[in-house]
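Encoded as structure tokens, the structure appears first; notes follow it.
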Amino acid sequence: MTRWSGRFLGALAFLSLAAPTLAADIDTHRALYDLSLASAKPGSGVLGATGAMYYEWGETCDSGWTVEQRFRLRLLYAESGGAEISSTLVTWESKDGLRYRFTERRQRDGTLTEELHGEAHLDGPGKGGEAKFNRPENVNIALKPGVIFPTAHTLLLIDRAKAGDTFISRAVFDGSSVENATQITAVIGPQLKPAPPPARQTGGDKDNPLASPLLQGPAWRVRLAFFPPDSHSETPDYELGMRLLANGVSQDMELDYGDYVVKARLDEIEPIPKPAC
């Protein structure tokens, strides 16, 4: 299992060269997803997967977006038994798409395996910049012109989907490894009609998350392919499919690693009030 990071649903991230013109109207929210194994190829060695993911997209008074993601996934292997992988990711990104801060901690079976922390900036819309890591080591990386940050990437995807575009390819830096920006290609399907709100109750006292007004707006099926940094490979590291709404909410996700696919089913969702600045 490689690179479980904010990309799992924050790989919802895209921006044009002129960040202030983006039209996406984001609803800040928090959501809980149930993780499970969707499929596995014979010979993959993966027998099962269970877990959960918490995701929060917030807004700050200093003209920034915040993302917090926590996930826990237990994989069952045919030969080596089970392994539990967990991660915590916290990021801040300026609304003009030019500044970015990130912290991520990853664990395997309760033992810390990697910690990343740093910040990055661009010298202007469409211009290059620099990323500075201070964990796991002090490393500076030059960012080429055209590189964008994750939340900006999400906004671009939504903006282009509204315009009817069907294909986008951009270099995105998210700090998930001490490497340069990853090339992400996106295929966007036609706009989906909003689903009629289902009944509020699924049984007992638990509300049906699909009845939330956050899920009743325009949406598109999107397929993202993540390619290694500075690589000419025709094969992506992994792919992410989702139903992406115009307000930034992601639903019905599948993460495809080739040999096996993990799906994320929305279990709970609620809005986050915008800050009173």
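Chain identifiers are assigned as A, B, and so on, following the order in which chains appear in the structure tokens; residues are numbered from 1 within each chain, and ligands are numbered from 1 in order of appearance.
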
So which bits of stretch 38-140 of chain A end up strand (DSSP E or B) when you DSSP the backbone, as a VMD selection string?
chain A and resid 38 to 40 46 to 60 64 to 77 81 to 94 99 to 108 111 to 122 129 to 135 139 to 140

From A:Gly118, A:Gly126, A:Gly217, A:Gly45, residue lying nearest A:Asp174 [only C-alpha atoms]
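Distance minimum relative to A:Asp174 lands on A:Gly118.
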
Just how far from atom CA of A:Ser36 is atom CA of A:Trp65, in Å to one decimal?
28.9 Å

Which of these residues is nearest to A:Ala161, using only C-alpha atoms: A:Gly146, A:Pro194, A:Pro218, A:Pro125?
A:Pro218

Atom CA of A:Ile272 to atom CA of A:Glu59 measures 8.9 Å

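Secondary structure from DSSP on the backbone puts helix (DSSP H, G or I) at the following positions of stretch 132-199 of chain A: Pro150, Thr151, Ala152, His153, Thr154, Leu155, Leu156, Leu157, Ile158, Asp159, Arg160, Ala161 and Lys162 of chain A.
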
Would you save the residues of that selection, restricted to C-alpha atoms, as a compact mmCIF listing (two decimals), in the first residue's frame?
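Output saved as selection.txt:
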```txt
# COMPACT_ATOMS: atom_id res chain seq x y z
CA PRO A 150 -4.31 20.33 -3.83
CA THR A 151 -7.29 22.51 -2.91
CA ALA A 152 -6.63 24.73 -5.90
CA HIS A 153 -6.63 21.56 -8.02
CA THR A 154 -10.09 20.65 -6.70
CA LEU A 155 -11.41 24.10 -7.51
CA LEU A 156 -10.06 23.89 -11.04
CA LEU A 157 -11.67 20.50 -11.59
CA ILE A 158 -15.06 21.84 -10.52
CA ASP A 159 -14.66 24.98 -12.61
CA ARG A 160 -13.68 23.00 -15.72
CA ALA A 161 -16.50 20.49 -15.14
CA LYS A 162 -18.99 23.37 -15.09
```

Would you list the contacts of stretch 71-77 of chain A as a VMD selection string, taking every protein, DNA or RNA residue within 10 Å and counting only C-alpha atoms, but skipping same-chain residues closer than 6 positions in sequence?
chain A and resid 1 4 to 6 8 32 to 37 44 to 55 83 to 89 106 to 109 262

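Residues with any atom within 7 Å of A:Tyr260, counting only C-alpha atoms and excluding same-chain neighbours fewer than 5 positions away, are Ser39, Ala40 and Lys41 of chain A.
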
Residue selection dump (C-alpha atoms) as a short mmCIF file (atom, residue, chain, number, x, y, z; two decimals), in the first residue's frame:
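Written out: again_9.cif:
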```cif
data_model
loop_
_atom_site.label_atom_id
_atom_site.label_comp_id
_atom_site.auth_asym_id
_atom_site.auth_seq_id
_atom_site.Cartn_x
_atom_site.Cartn_y
_atom_site.Cartn_z
CA SER A 39 -12.41 -6.10 -5.66
CA ALA A 40 -9.05 -7.89 -5.87
CA LYS A 41 -7.41 -9.70 -8.74
#
```

Between atom CA of A:Cys61 and atom CA of A:Lys127, what is the distance in Å, rounded to a tenth?
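Result for atom CA of A:Cys61 versus atom CA of A:Lys127: 25.6 Å, one decimal.
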
Skipping near chain neighbours, those fewer than 3 positions away, what residues fall within 8 Å of A:Ile168 using only C-alpha atoms, listed as a PyMOL selection string?
chain A and resi 157+165+185-187

Atoms kept (N, CA and C atoms) for selection, written as an mmCIF file, in the first residue's frame:
```
data_model
loop_
_atom_site.group_PDB
_atom_site.id
_atom_site.type_symbol
_atom_site.label_atom_id
_atom_site.label_comp_id
_atom_site.auth_asym_id
_atom_site.auth_seq_id
_atom_site.Cartn_x
_atom_site.Cartn_y
_atom_site.Cartn_z
ATOM 1 N N LEU A 157 -10.887 21.616 -11.055
ATOM 2 C CA LEU A 157 -11.669 20.501 -11.586
ATOM 3 C C LEU A 157 -13.155 20.863 -11.633
ATOM 4 N N ASP A 165 -15.625 20.838 -19.866
ATOM 5 C CA ASP A 165 -14.380 20.176 -20.246
ATOM 6 C C ASP A 165 -14.419 18.713 -19.806
ATOM 7 N N THR A 185 -3.908 13.353 -14.160
ATOM 8 C CA THR A 185 -4.820 13.538 -15.280
ATOM 9 C C THR A 185 -6.235 13.234 -14.808
ATOM 10 N N ALA A 186 -7.185 13.996 -15.294
ATOM 11 C CA ALA A 186 -8.575 13.843 -14.884
ATOM 12 C C ALA A 186 -9.463 13.698 -16.106
ATOM 13 N N VAL A 187 -10.340 12.707 -16.071
ATOM 14 C CA VAL A 187 -11.382 12.528 -17.085
ATOM 15 C C VAL A 187 -12.712 12.827 -16.411
#
```

Closest to A:Asp96 among A:Phe133, A:Phe227, A:Tyr257, A:Phe149, using only C-alpha atoms?
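Result for the nearest residue to A:Asp96: A:Phe149.
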
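Minimum distance to A:Pro136 across A:Thr182, A:Thr28, A:Ser63, A:Ser176 (counting only C-alpha atoms) occurs at A:Ser176.
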
I'd like the neighbourhood of A:Arg135 as a PyMOL selection string, where a residue qualifies if any of its atoms comes within 12 Å (using only C-alpha atoms), though same-chain residues fewer than 3 positions away should be ignored.
chain A and resi 102-105+114-119+132+138-140+175-178

Restricting it to C-alpha atoms, dump the selection as a PDB file, in the first residue's frame.
```pdb
ATOM      1  CA  PHE A 102       1.268  20.469   5.340  1.00  0.00           C
ATOM      2  CA  THR A 103       1.791  17.936   8.142  1.00  0.00           C
ATOM      3  CA  GLU A 104       1.259  14.191   7.790  1.00  0.00           C
ATOM      4  CA  ARG A 105       1.902  11.258  10.142  1.00  0.00           C
ATOM      5  CA  GLU A 114       6.811   8.385   8.384  1.00  0.00           C
ATOM      6  CA  GLU A 115       6.276  12.009   9.338  1.00  0.00           C
ATOM      7  CA  LEU A 116       6.245  14.851   6.818  1.00  0.00           C
ATOM      8  CA  HIS A 117       6.086  18.548   7.554  1.00  0.00           C
ATOM      9  CA  GLY A 118       6.798  21.620   5.486  1.00  0.00           C
ATOM     10  CA  GLU A 119       5.497  24.495   3.424  1.00  0.00           C
ATOM     11  CA  LYS A 132      10.634  23.292   1.933  1.00  0.00           C
ATOM     12  CA  ASN A 138      15.570  19.416   5.559  1.00  0.00           C
ATOM     13  CA  VAL A 139      15.040  19.416   1.806  1.00  0.00           C
ATOM     14  CA  ASN A 140      14.230  22.232  -0.636  1.00  0.00           C
ATOM     15  CA  GLY A 175       3.792  17.164   0.260  1.00  0.00           C
ATOM     16  CA  SER A 176       2.852  13.479   0.556  1.00  0.00           C
ATOM     17  CA  SER A 177       6.456  12.484  -0.169  1.00  0.00           C
ATOM     18  CA  VAL A 178       9.838  14.218  -0.398  1.00  0.00           C
TER      19      VAL A 178
END
```
